[in-house]
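Shown next: work-v9.csv, containing CSV, C-alpha atoms and all ligand atoms.
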chain,number,residue,atom,x,y,z
A,1,MET,CA,48.1,186.3,173.0
A,2,GLN,CA,45.8,186.5,176.0
A,3,CYS,CA,42.1,186.2,175.1
A,4,VAL,CA,39.9,189.0,176.4
A,5,LYS,CA,36.4,188.5,177.8
A,6,ILE,CA,34.1,191.2,176.2
A,7,ARG,CA,30.9,189.8,177.7
A,8,GLU,CA,30.1,186.6,179.7
A,9,ASN,CA,30.0,184.6,176.5
A,10,VAL,CA,31.9,186.7,174.0
A,11,TYR,CA,35.7,186.7,173.7
A,12,TRP,CA,38.3,188.5,171.6
A,13,VAL,CA,40.7,185.8,170.3
A,14,GLY,CA,42.6,187.8,167.7
A,15,ALA,CA,46.3,188.5,167.1
A,16,VAL,CA,48.4,191.6,167.5
A,17,ASP,CA,50.9,192.5,164.8
A,18,GLU,CA,53.5,194.9,166.3
A,19,LYS,CA,55.7,194.7,163.2
A,20,VAL,CA,53.6,195.3,160.2
A,21,ARG,CA,54.5,198.7,158.7
A,22,MET,CA,52.7,198.6,155.3
A,23,PHE,CA,49.2,197.8,154.2
A,24,HIS,CA,49.1,198.0,150.4
A,25,GLY,CA,50.5,201.5,150.2
A,26,TYR,CA,49.2,202.6,153.7
A,27,GLN,CA,52.1,203.0,156.1
A,28,THR,CA,51.1,201.6,159.6
A,29,PRO,CA,53.7,203.0,162.1
A,30,TYR,CA,51.7,201.7,165.1
A,31,GLY,CA,51.2,198.1,163.7
A,32,THR,CA,47.8,196.6,163.9
A,33,SER,CA,45.7,193.8,165.3
A,34,TYR,CA,43.6,191.2,163.5
A,35,ASN,CA,40.5,190.9,165.6
A,36,ALA,CA,38.6,187.7,165.8
A,37,PHE,CA,35.8,186.7,168.2
A,38,LEU,CA,34.4,183.7,169.8
A,39,VAL,CA,30.7,183.5,170.9
A,40,LEU,CA,29.7,180.7,173.2
A,41,ASP,CA,26.2,179.3,173.1
A,42,GLU,CA,24.7,175.9,172.4
A,43,LYS,CA,26.8,176.2,169.3
A,44,ILE,CA,30.3,177.8,169.4
A,45,THR,CA,30.7,180.5,166.8
A,46,LEU,CA,34.0,182.0,165.5
A,47,ILE,CA,33.8,185.4,163.8
A,48,ASP,CA,36.6,186.0,161.4
A,49,THR,CA,40.2,184.7,161.6
A,50,VAL,CA,43.6,186.3,161.4
A,51,LYS,CA,46.4,186.8,158.9
A,52,ALA,CA,48.0,183.5,158.0
A,53,PRO,CA,51.3,183.9,159.8
A,54,PHE,CA,49.4,184.3,163.1
A,55,THR,CA,47.4,181.1,162.7
A,56,GLN,CA,49.1,179.2,165.5
A,57,THR,CA,49.0,182.0,168.1
A,58,PHE,CA,45.3,182.5,167.1
A,59,TRP,CA,44.6,178.8,167.6
A,60,ASP,CA,46.3,178.9,171.0
A,61,THR,CA,44.3,181.9,172.0
A,62,ILE,CA,41.0,180.2,171.1
A,63,ALA,CA,42.2,177.2,173.2
A,64,GLN,CA,42.2,179.4,176.3
A,65,VAL,CA,38.4,179.5,176.0
A,66,VAL,CA,37.4,176.3,174.3
A,67,PRO,CA,39.0,173.4,172.5
A,68,PRO,CA,39.2,174.9,169.0
A,69,GLU,CA,38.1,171.7,167.3
A,70,LYS,CA,34.7,172.2,168.9
A,71,ILE,CA,33.9,175.3,166.8
A,72,ASP,CA,30.6,174.7,165.2
A,73,ILE,CA,30.2,177.8,163.1
A,74,VAL,CA,32.6,180.2,161.4
A,75,ILE,CA,31.2,183.6,160.2
A,76,THR,CA,33.5,185.1,157.6
A,77,ASN,CA,32.8,188.8,157.3
A,78,HIS,CA,35.5,189.6,154.8
A,79,VAL,CA,37.8,187.7,152.4
A,80,GLU,CA,40.9,190.0,152.5
A,81,PRO,CA,43.7,187.8,153.8
A,82,ASP,CA,44.3,189.7,157.0
A,83,HIS,CA,41.0,188.3,158.2
A,84,SER,CA,40.6,185.1,156.2
A,85,GLY,CA,44.3,183.9,156.2
A,86,ALA,CA,43.7,181.3,158.9
A,87,LEU,CA,40.3,180.2,157.5
A,88,PRO,CA,41.7,177.2,155.5
A,89,TYR,CA,43.4,175.9,158.7
A,90,VAL,CA,40.2,176.4,160.8
A,91,ALA,CA,38.2,174.6,158.1
A,92,GLN,CA,40.6,171.8,158.0
A,93,GLN,CA,40.7,171.4,161.8
A,94,CYS,CA,36.9,171.7,162.1
A,95,PRO,CA,35.7,169.7,159.1
A,96,ASN,CA,32.1,169.9,160.3
A,97,ALA,CA,32.0,173.6,161.1
A,98,GLU,CA,29.5,175.5,159.0
A,99,ILE,CA,30.7,178.6,157.3
A,100,TYR,CA,28.4,181.7,156.9
A,101,ILE,CA,29.5,184.2,154.3
A,102,SER,CA,28.3,186.8,151.9
A,103,PRO,CA,27.7,185.9,148.2
A,104,ASN,CA,30.8,187.7,147.1
A,105,GLY,CA,32.6,186.3,150.1
A,106,GLU,CA,31.9,182.7,149.0
A,107,LYS,CA,33.2,183.5,145.5
A,108,GLY,CA,36.3,185.2,147.0
A,109,VAL,CA,37.4,182.5,149.4
A,110,LYS,CA,36.8,179.7,146.9
A,111,ALA,CA,38.9,181.6,144.3
A,112,TYR,CA,41.6,182.4,146.8
A,113,TYR,CA,41.9,179.2,148.8
A,114,ALA,CA,42.1,175.9,146.8
A,115,SER,CA,41.3,173.9,149.9
A,116,LEU,CA,38.0,175.6,150.3
A,117,GLN,CA,36.7,175.2,146.7
A,118,ASP,CA,34.5,172.2,147.6
A,119,ARG,CA,33.5,173.3,151.0
A,120,PRO,CA,29.8,173.8,151.4
A,121,MET,CA,28.9,177.3,152.7
A,122,HIS,CA,25.8,179.1,153.9
A,123,VAL,CA,25.5,182.2,151.7
A,124,VAL,CA,23.7,184.9,153.6
A,125,SER,CA,22.3,188.3,152.7
A,126,THR,CA,21.2,191.4,154.6
A,127,GLY,CA,18.5,190.5,157.2
A,128,ASP,CA,19.2,186.8,157.3
A,129,THR,CA,19.6,185.4,160.8
A,130,LEU,CA,21.3,182.5,162.4
A,131,CYS,CA,20.2,181.1,165.8
A,132,THR,CA,22.8,179.3,167.9
A,133,GLY,CA,20.6,178.6,170.9
A,134,ALA,CA,20.0,181.7,173.1
A,135,TYR,CA,21.7,184.0,170.6
A,136,THR,CA,20.6,185.4,167.2
A,137,PHE,CA,23.1,186.7,164.7
A,138,GLU,CA,21.9,189.0,162.0
A,139,PHE,CA,23.8,189.6,158.9
A,140,LEU,CA,24.3,193.0,157.2
A,141,LEU,CA,26.0,193.1,153.8
A,142,MET,CA,28.3,196.2,153.4
A,143,PRO,CA,29.4,196.0,149.7
A,144,MET,CA,32.4,198.2,149.1
A,145,VAL,CA,33.0,199.1,152.7
A,146,HIS,CA,35.5,198.4,151.6
A,147,TRP,CA,35.4,195.3,149.3
A,148,PRO,CA,32.5,193.8,147.4
A,149,ASP,CA,32.2,190.9,149.9
A,150,SER,CA,32.4,193.0,153.1
A,151,MET,CA,29.8,192.1,155.7
A,152,ALA,CA,28.9,193.0,159.3
A,153,THR,CA,27.3,190.7,161.8
A,154,TYR,CA,25.1,191.9,164.7
A,155,LEU,CA,24.7,189.8,167.8
A,156,ARG,CA,21.2,190.8,168.8
A,157,GLU,CA,20.9,189.7,172.5
A,158,GLU,CA,24.3,191.3,173.4
A,159,LYS,CA,23.8,194.4,171.2
A,160,ILE,CA,27.3,193.9,169.6
A,161,LEU,CA,28.1,194.8,166.0
A,162,PHE,CA,31.0,192.9,164.5
A,163,SER,CA,31.7,195.5,161.9
A,164,ASN,CA,34.9,194.1,160.3
A,165,ASP,CA,37.0,196.8,158.6
A,166,ALA,CA,34.4,199.6,159.3
A,167,PHE,CA,35.3,201.7,162.3
A,168,GLY,CA,38.8,200.0,162.6
A,169,GLN,CA,42.1,201.6,163.4
A,170,HIS,CA,45.6,200.3,162.8
A,171,ILE,CA,47.0,200.1,166.3
A,172,ALA,CA,48.8,197.3,168.0
A,173,GLY,CA,49.4,197.3,171.7
A,174,LYS,CA,47.7,196.0,174.8
A,175,GLU,CA,44.6,198.1,174.7
A,176,ARG,CA,41.4,196.4,173.6
A,177,PHE,CA,38.8,199.1,174.3
A,178,ASP,CA,38.4,202.7,173.1
A,179,ASP,CA,38.4,204.1,176.6
A,180,GLU,CA,41.9,202.7,177.2
A,181,LEU,CA,43.1,205.4,174.8
A,182,SER,CA,42.7,209.1,175.0
A,183,TYR,CA,39.8,210.3,172.7
A,184,ASP,CA,42.2,212.4,170.7
A,185,ASN,CA,44.5,209.5,170.0
A,186,LEU,CA,41.5,207.3,169.1
A,187,LEU,CA,40.1,209.9,166.8
A,188,GLU,CA,43.4,210.3,165.1
A,189,ARG,CA,43.8,206.6,164.4
A,190,VAL,CA,40.1,206.3,163.3
A,191,SER,CA,40.4,209.2,160.9
A,192,ASP,CA,43.7,208.1,159.5
A,193,TYR,CA,42.2,204.6,158.8
A,194,TYR,CA,39.1,206.1,157.3
A,195,ALA,CA,41.2,208.4,155.1
A,196,ASN,CA,43.4,205.6,153.8
A,197,ILE,CA,40.9,202.8,153.5
A,198,ILE,CA,37.3,203.9,153.5
A,199,LEU,CA,37.4,207.4,151.9
A,200,PRO,CA,36.4,206.4,148.3
A,201,PHE,CA,33.2,204.7,149.5
A,202,GLY,CA,31.2,207.6,151.1
A,203,LYS,CA,27.9,206.6,149.6
A,204,GLN,CA,28.2,203.0,150.7
A,205,VAL,CA,29.2,204.2,154.2
A,206,GLN,CA,26.0,206.2,154.3
A,207,LYS,CA,24.0,203.1,153.5
A,208,VAL,CA,25.7,201.2,156.3
A,209,LEU,CA,25.1,204.0,158.8
A,210,ALA,CA,21.4,204.1,157.9
A,211,SER,CA,21.2,200.4,158.6
A,212,VAL,CA,23.2,200.7,161.8
A,213,ALA,CA,21.0,203.5,163.0
A,214,GLY,CA,18.1,201.0,163.4
A,215,LEU,CA,20.2,198.8,165.8
A,216,GLU,CA,20.7,199.1,169.5
A,217,ILE,CA,24.5,198.9,169.8
A,218,GLU,CA,26.5,198.7,173.0
A,219,ILE,CA,29.8,197.6,171.5
A,220,ILE,CA,31.3,197.8,168.0
A,221,CYS,CA,33.9,195.2,167.4
A,222,PRO,CA,35.9,196.2,164.3
A,223,SER,CA,38.5,193.8,162.8
A,224,HIS,CA,41.4,196.1,163.6
A,225,GLY,CA,42.4,198.1,166.7
A,226,VAL,CA,40.3,198.7,169.8
A,227,LEU,CA,36.7,197.9,170.3
A,228,LEU,CA,34.3,200.8,170.7
A,229,ARG,CA,32.1,200.9,173.8
A,230,SER,CA,32.5,204.5,175.2
A,231,PHE,CA,32.8,206.6,172.0
A,232,ILE,CA,30.3,205.0,169.7
A,233,PRO,CA,28.1,208.1,169.1
A,234,GLU,CA,31.2,210.3,168.5
A,235,ILE,CA,32.8,207.9,166.0
A,236,LEU,CA,29.4,207.3,164.2
A,237,GLU,CA,29.1,211.1,163.9
A,238,ARG,CA,32.6,211.4,162.4
A,239,TYR,CA,31.9,208.6,159.9
A,240,ALA,CA,28.6,210.4,158.9
A,241,ALA,CA,30.5,213.7,158.3
A,242,TRP,CA,33.4,212.1,156.4
A,243,SER,CA,31.1,210.0,154.2
A,244,LYS,CA,29.2,213.2,153.2
A,245,GLY,CA,32.5,214.9,152.4
A,246,THR,CA,32.1,217.4,155.2
A,247,PHE,CA,35.4,219.2,155.7
A,248,CYS,CA,36.8,222.3,157.3
A,249,GLU,CA,36.6,225.2,154.9
A,250,ASN,CA,39.5,226.9,156.5
A,251,LYS,CA,42.1,224.2,156.5
A,252,ALA,CA,45.0,223.8,153.9
A,253,VAL,CA,47.3,220.9,153.4
A,254,ILE,CA,50.6,221.7,151.7
A,255,VAL,CA,52.5,218.7,150.5
A,256,TYR,CA,55.7,218.9,148.5
A,257,ASP,CA,59.1,217.5,147.6
A,258,SER,CA,62.1,219.6,146.7
A,259,MET,CA,65.5,218.9,145.0
A,260,TRP,CA,67.7,221.7,146.3
A,261,GLY,CA,65.4,223.6,148.7
A,262,SER,CA,63.7,226.1,146.4
A,263,THR,CA,60.3,224.3,146.2
A,264,GLU,CA,60.6,223.8,150.0
A,265,GLU,CA,61.1,227.5,150.4
A,266,MET,CA,58.0,228.1,148.3
A,267,ALA,CA,56.0,225.7,150.5
A,268,GLN,CA,57.1,227.5,153.6
A,269,ARG,CA,56.3,230.9,152.0
A,270,LEU,CA,52.9,229.6,150.9
A,271,GLU,CA,52.2,228.4,154.5
A,272,GLN,CA,52.9,231.8,155.8
A,273,GLU,CA,50.6,233.4,153.2
A,274,LEU,CA,47.8,231.0,154.0
A,275,GLN,CA,48.2,231.5,157.7
A,276,ALA,CA,48.1,235.3,157.2
A,277,GLN,CA,44.7,234.7,155.5
A,278,GLY,CA,43.6,233.0,158.7
A,279,LYS,CA,43.8,229.4,157.4
A,280,ASP,CA,44.9,226.4,159.5
A,281,THR,CA,47.8,224.8,157.7
A,282,VAL,CA,49.6,221.5,157.8
A,283,ILE,CA,52.7,221.0,155.8
A,284,PHE,CA,54.3,217.7,154.7
A,285,SER,CA,57.7,217.0,153.1
A,286,LEU,CA,57.4,213.8,151.0
A,287,SER,CA,61.1,213.2,151.4
A,288,GLN,CA,60.5,212.9,155.2
A,289,GLN,CA,56.9,211.5,155.4
A,290,HIS,CA,55.1,208.8,153.5
A,291,HIS,CA,52.3,209.8,151.3
A,292,SER,CA,49.7,207.9,153.3
A,293,GLN,CA,50.5,210.0,156.4
A,294,VAL,CA,49.1,213.0,154.5
A,295,MET,CA,45.6,211.6,154.1
A,296,GLY,CA,44.3,212.0,157.6
A,297,ASP,CA,44.7,215.7,157.3
A,298,ILE,CA,43.4,215.8,153.8
A,299,LEU,CA,40.2,214.2,155.0
A,300,GLU,CA,39.2,217.4,156.7
A,301,ALA,CA,40.9,220.0,154.6
A,302,ASN,CA,39.4,221.9,151.6
A,303,TYR,CA,42.7,223.2,150.2
A,304,ILE,CA,45.3,220.8,148.8
A,305,CYS,CA,48.5,222.5,147.6
A,306,VAL,CA,51.0,220.3,145.9
A,307,GLY,CA,54.6,221.3,145.1
A,308,SER,CA,57.3,219.6,143.1
A,309,SER,CA,60.6,220.5,141.5
A,310,THR,CA,61.1,219.4,137.9
A,311,LEU,CA,63.4,216.4,137.4
A,312,ASN,CA,64.0,215.0,134.0
A,313,ARG,CA,61.0,216.9,132.6
A,314,THR,CA,58.6,215.4,135.1
A,315,MET,CA,57.5,215.8,138.7
A,316,LEU,CA,59.5,214.2,141.5
A,317,PRO,CA,58.7,210.4,142.0
A,318,THR,CA,57.5,211.0,145.6
A,319,VAL,CA,55.0,213.6,144.4
A,320,ALA,CA,53.8,211.3,141.6
A,321,ALA,CA,53.3,208.5,144.1
A,322,PHE,CA,51.3,210.9,146.4
A,323,LEU,CA,49.1,212.1,143.5
A,324,CYS,CA,48.5,208.5,142.3
A,325,TYR,CA,47.5,207.6,145.9
A,326,LEU,CA,45.3,210.7,146.2
A,327,LYS,CA,43.6,210.0,142.9
A,328,GLY,CA,42.7,206.5,144.1
A,329,LEU,CA,41.3,207.6,147.4
A,330,ASN,CA,39.5,210.4,145.4
A,331,PRO,CA,38.6,213.1,148.0
A,332,GLN,CA,36.1,215.3,146.2
A,333,ASN,CA,35.1,219.0,146.1
A,334,ARG,CA,38.5,220.3,147.1
A,335,ILE,CA,40.4,223.4,145.9
A,336,GLY,CA,43.8,222.5,144.5
A,337,MET,CA,47.0,224.4,143.8
A,338,ALA,CA,50.3,223.5,142.2
A,339,PHE,CA,53.6,225.1,142.8
A,340,GLY,CA,57.3,224.3,142.2
A,341,ALA,CA,60.7,225.5,141.3
A,342,TYR,CA,62.7,224.5,138.2
A,343,GLY,CA,66.0,225.2,136.5
A,344,TRP,CA,65.3,225.1,132.7
A,345,SER,CA,62.2,223.1,131.5
A,346,GLY,CA,59.7,223.3,134.4
A,347,GLU,CA,57.1,220.7,133.4
A,348,SER,CA,56.2,219.6,137.0
A,349,VAL,CA,53.8,222.4,137.9
A,350,ALA,CA,51.5,221.8,134.8
A,351,GLN,CA,51.7,218.1,135.4
A,352,VAL,CA,50.5,218.5,139.0
A,353,GLU,CA,47.8,220.9,137.9
A,354,ASP,CA,46.6,218.3,135.3
A,355,VAL,CA,46.1,215.7,138.0
A,356,LEU,CA,44.3,218.1,140.4
A,357,SER,CA,42.0,219.4,137.6
A,358,GLY,CA,41.4,215.9,136.4
A,359,MET,CA,40.0,215.1,139.9
A,360,GLY,CA,37.5,217.9,139.4
A,361,TYR,CA,39.2,220.4,141.7
A,362,GLU,CA,38.8,224.2,141.4
A,363,LEU,CA,42.4,225.5,140.9
A,364,LEU,CA,44.1,228.5,142.5
A,365,PRO,CA,46.7,230.1,140.3
A,366,ALA,CA,49.8,228.0,140.2
A,367,GLN,CA,53.2,229.3,141.4
A,368,LYS,CA,56.2,228.6,139.4
A,369,VAL,CA,59.7,229.9,140.1
A,370,LYS,CA,62.9,229.6,138.1
A,371,TRP,CA,65.9,228.6,140.2
A,372,LYS,CA,65.0,230.4,143.5
A,373,LEU,CA,62.5,232.7,145.0
B,1,LIG,FE1,41.3,194.5,157.2
B,1,LIG,FE2,39.9,194.7,154.1
B,1,LIG,O1,41.0,193.9,155.4
Write out the structure in this file as structure tokens.
Amino acid sequence: MQCVKIRENVYWVGAVDEKVRMFHGYQTPYGTSYNAFLVLDEKITLIDTVKAPFTQTFWDTIAQVVPPEKIDIVITNHVEPDHSGALPYVAQQCPNAEIYISPNGEKGVKAYYASLQDRPMHVVSTGDTLCTGAYTFEFLLMPMVHWPDSMATYLREEKILFSNDAFGQHIAGKERFDDELSYDNLLERVSDYYANIILPFGKQVQKVLASVAGLEIEIICPSHGVLLRSFIPEILERYAAWSKGTFCENKAVIVYDSMWGSTEEMAQRLEQELQAQGKDTVIFSLSQQHHSQVMGDILEANYICVGSSTLNRTMLPTVAAFLCYLKGLNPQNRIGMAFGAYGWSGESVAQVEDVLSGMGYELLPAQKVKWKL
């Protein structure tokens, strides 16, 4: 990979993963990047690493800027292996490099990587700073955005926030900055990422946004996708809205799977009815689309209508997977509705309703059809 100069002394040295198509249940049709950064000062600082299989290309990219063995400091913002995978190698190649990490981060990397168990680390907390010469790094813990160890690092003199997973997007490709994409494309990728990764943690996101509001920020460097420099206010505004559960009160998502077309016909009829009521609708067939592709639309919809035929006295496996995923991400304060066709026993509709009501949703009357409409 080619390194990218972000500022005179700040470089992107990450890796681009064109091939990855799944992140723990989240389908990533556009691949992703694992962003890492190098900051040159009296001391050389590396911020985050990459997924383990990309270690060599990452090391070669760093070498375009400095001899990698000269790294003095490694800031580890997050333990998850897509960012810490190359940390054991870096630690081995730079035995004197000092590692800065959150309290939960230290526990995580030592539990995960045997080679790091005896490595001394600087455990930092919110407000702690690190001076590397002309530069000051300030640490900001972000517990549960989206792991207990998650942390951001602010480079004060350059007004850059290294936000790790927050504000990320799963996009591979040549673009490194937000203004190299159309705003609509950027927003779609940011919202999809938020819906599939950050959604359960609205309250924690609000705390992060409150802390970030006190910082002058010219660039946000997330650990996936493009860096934000032109659309920072817009993306912060969307994060604020999503974290508060603000959604469009006129949007309905219809998601279904169908055995022989009857439930599909019900879904299409339901879409027509909702449109006739003036609602914006989006419809997903789970036999054609992965359950994670639905979430970006659910983020801003207040109606969630779920349809399933009955198979062997239960809902279809694709619908069960969708509901399991939805329950985990836990969007709140929605209005739910179940529908489905059946031949003789017809349990699926009540089972879907049970899940939706268990999530605290107000329910619209279910629609259940024997054989065909
Ligand atoms: Fe991109 Fe939580 O790892």
Contacts with ligand LIG 1 (chain B) at most 8 Å, all atoms listed in the file counted, listed as number ranges by chain: A: 34, 78-83, 146-147, 150, 164-165, 223-224
Which of A:Val20, A:Pro143, A:Leu373, A:Asp149 sits closest to A:Val109 [using only C-alpha atoms]: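 Answer, going by the shortest atom-to-atom distance: A:Asp149.
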Shell around A:Met151 at 6 Å using only C-alpha atoms, local window under 5 positions removed, as a list of chain:residue names: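 Using only C-alpha atoms, the neighbours found are A:Asn77, A:Leu140, A:Leu141, A:Met142.
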Let me see the file: selected residues, C-alpha atoms, as an mmCIF file, keeping the file's coordinate frame.
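What ended up in result-v2.cif:
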data_model
loop_
_atom_site.group_PDB
_atom_site.id
_atom_site.type_symbol
_atom_site.label_atom_id
_atom_site.label_comp_id
_atom_site.auth_asym_id
_atom_site.auth_seq_id
_atom_site.Cartn_x
_atom_site.Cartn_y
_atom_site.Cartn_z
ATOM 1 C CA ASN A 77 32.800 188.800 157.300
ATOM 2 C CA LEU A 140 24.300 193.000 157.200
ATOM 3 C CA LEU A 141 26.000 193.100 153.800
ATOM 4 C CA MET A 142 28.300 196.200 153.400
#
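Counting all atoms listed in the file and comparing A:Ile220, A:Ala195, A:Ile101, A:Ala86, the residue that lies closest to A:Ile73 is A:Ile101.
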Contacts of stretch 332-340 of chain A within 8 Å, all atoms listed in the file, excl. fewer than 6 positions in-chain, as a PyMOL selection string: chain A and resi 245+262-263+266+301-310+348-350+352-353+356-357+359-369
Interatomic distance, atom CA of A:Lys207 to atom CA of A:Pro222 (Å, one decimal):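 A separation of 17.5 Å between them.
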Long-range neighbours of stretch 97-99 of chain A as an MDAnalysis selection string, 8 Å cut-off, only C-alpha atoms, 2 positions minimum in chain: chainID A and resid 71:76 91 94:95 101 120:122
One-decimal distance in Å that lies between atom CA of A:Trp242 and atom CA of A:Glu300: 7.9 Å
Residue neighbourhood A:Ile219, 12 Å, only C-alpha atoms, exclusion window fewer than 3 positions, as a ChimeraX atom specification: /A:6-7,10,154-163,167,176-179,215-216,222,226-233
Which residue of A:Gln288, A:Ser115, A:Asn104, A:Ile254 approaches A:Gln272 most closely, using only C-alpha atoms: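 The shortest atom-to-atom distance to A:Gln272 comes from A:Ile254.
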Residue with smallest distance to A:Glu347 - pool A:Asn312, A:Asn96, A:Thr28, A:Thr318, counting only C-alpha atoms: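 Checking each candidate against A:Glu347, we get A:Asn312 as the closest.
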Radius query 7 Å about (26.1, 179.4, 175.0), atoms used: only C-alpha atoms, as a PyMOL selection string: chain A and resi 9+40-43+133-134
From A:Thr55, A:Gln117, A:Gln268, A:Asn196, residue lying nearest A:Pro331 [only C-alpha atoms]: A:Asn196
Shortest interatomic distance to A:Gln289 - which of A:Gly105, A:Phe137, A:Ile47, A:Tyr256, counting only C-alpha atoms: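 Among the listed residues, the smallest separation from A:Gln289 belongs to A:Tyr256.
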Serialized stretch 166-173 of chain A w/ all heavy atoms as a PDB file, in the first residue's frame:
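What follows is the written file selection_15.pdb:
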ATOM      1  N   ALA A 166     -15.375   4.572  16.026  1.00  0.00           N
ATOM      2  CA  ALA A 166     -16.405   5.615  15.910  1.00  0.00           C
ATOM      3  C   ALA A 166     -16.196   6.405  14.618  1.00  0.00           C
ATOM      4  O   ALA A 166     -15.062   6.744  14.267  1.00  0.00           O
ATOM      5  CB  ALA A 166     -16.339   6.558  17.106  1.00  0.00           C
ATOM      6  N   PHE A 167     -17.277   6.681  13.928  1.00  0.00           N
ATOM      7  CA  PHE A 167     -17.308   7.444  12.672  1.00  0.00           C
ATOM      8  C   PHE A 167     -16.712   6.673  11.477  1.00  0.00           C
ATOM      9  O   PHE A 167     -16.453   7.241  10.426  1.00  0.00           O
ATOM     10  CB  PHE A 167     -16.601   8.800  12.814  1.00  0.00           C
ATOM     11  CG  PHE A 167     -17.024   9.565  14.039  1.00  0.00           C
ATOM     12  CD1 PHE A 167     -16.121   9.831  15.075  1.00  0.00           C
ATOM     13  CD2 PHE A 167     -18.335   9.987  14.175  1.00  0.00           C
ATOM     14  CE1 PHE A 167     -16.532  10.503  16.222  1.00  0.00           C
ATOM     15  CE2 PHE A 167     -18.753  10.667  15.309  1.00  0.00           C
ATOM     16  CZ  PHE A 167     -17.840  10.925  16.339  1.00  0.00           C
ATOM     17  N   GLY A 168     -16.503   5.370  11.656  1.00  0.00           N
ATOM     18  CA  GLY A 168     -15.923   4.580  10.571  1.00  0.00           C
ATOM     19  C   GLY A 168     -16.951   4.191   9.521  1.00  0.00           C
ATOM     20  O   GLY A 168     -18.155   4.444   9.654  1.00  0.00           O
ATOM     21  N   GLN A 169     -16.454   3.577   8.472  1.00  0.00           N
ATOM     22  CA  GLN A 169     -17.298   3.037   7.408  1.00  0.00           C
ATOM     23  C   GLN A 169     -16.543   1.860   6.798  1.00  0.00           C
ATOM     24  O   GLN A 169     -15.324   1.898   6.699  1.00  0.00           O
ATOM     25  CB  GLN A 169     -17.588   4.054   6.284  1.00  0.00           C
ATOM     26  CG  GLN A 169     -17.500   5.525   6.644  1.00  0.00           C
ATOM     27  CD  GLN A 169     -16.093   6.041   6.468  1.00  0.00           C
ATOM     28  OE1 GLN A 169     -15.438   5.730   5.475  1.00  0.00           O
ATOM     29  NE2 GLN A 169     -15.572   6.826   7.408  1.00  0.00           N
ATOM     30  N   HIS A 170     -17.289   0.836   6.421  1.00  0.00           N
ATOM     31  CA  HIS A 170     -16.625  -0.295   5.762  1.00  0.00           C
ATOM     32  C   HIS A 170     -16.583  -0.040   4.255  1.00  0.00           C
ATOM     33  O   HIS A 170     -17.537  -0.331   3.521  1.00  0.00           O
ATOM     34  CB  HIS A 170     -17.335  -1.603   6.098  1.00  0.00           C
ATOM     35  CG  HIS A 170     -16.985  -2.112   7.468  1.00  0.00           C
ATOM     36  ND1 HIS A 170     -15.689  -2.137   7.950  1.00  0.00           N
ATOM     37  CD2 HIS A 170     -17.752  -2.619   8.466  1.00  0.00           C
ATOM     38  CE1 HIS A 170     -15.674  -2.629   9.177  1.00  0.00           C
ATOM     39  NE2 HIS A 170     -16.912  -2.923   9.512  1.00  0.00           N
ATOM     40  N   ILE A 171     -15.472   0.540   3.832  1.00  0.00           N
ATOM     41  CA  ILE A 171     -15.232   0.798   2.407  1.00  0.00           C
ATOM     42  C   ILE A 171     -13.757   0.492   2.137  1.00  0.00           C
ATOM     43  O   ILE A 171     -12.891   0.982   2.874  1.00  0.00           O
ATOM     44  CB  ILE A 171     -15.416   2.289   2.021  1.00  0.00           C
ATOM     45  CG1 ILE A 171     -16.667   2.896   2.641  1.00  0.00           C
ATOM     46  CG2 ILE A 171     -15.415   2.459   0.508  1.00  0.00           C
ATOM     47  CD1 ILE A 171     -16.763   4.402   2.404  1.00  0.00           C
ATOM     48  N   ALA A 172     -13.502  -0.282   1.106  1.00  0.00           N
ATOM     49  CA  ALA A 172     -12.125  -0.412   0.625  1.00  0.00           C
ATOM     50  C   ALA A 172     -11.964   0.646  -0.474  1.00  0.00           C
ATOM     51  O   ALA A 172     -12.743   1.573  -0.562  1.00  0.00           O
ATOM     52  CB  ALA A 172     -11.900  -1.817   0.102  1.00  0.00           C
ATOM     53  N   GLY A 173     -10.981   0.521  -1.290  1.00  0.00           N
ATOM     54  CA  GLY A 173     -10.839   1.465  -2.397  1.00  0.00           C
ATOM     55  C   GLY A 173      -9.694   2.431  -2.199  1.00  0.00           C
ATOM     56  O   GLY A 173      -8.985   2.391  -1.191  1.00  0.00           O
TER      57      GLY A 173
END
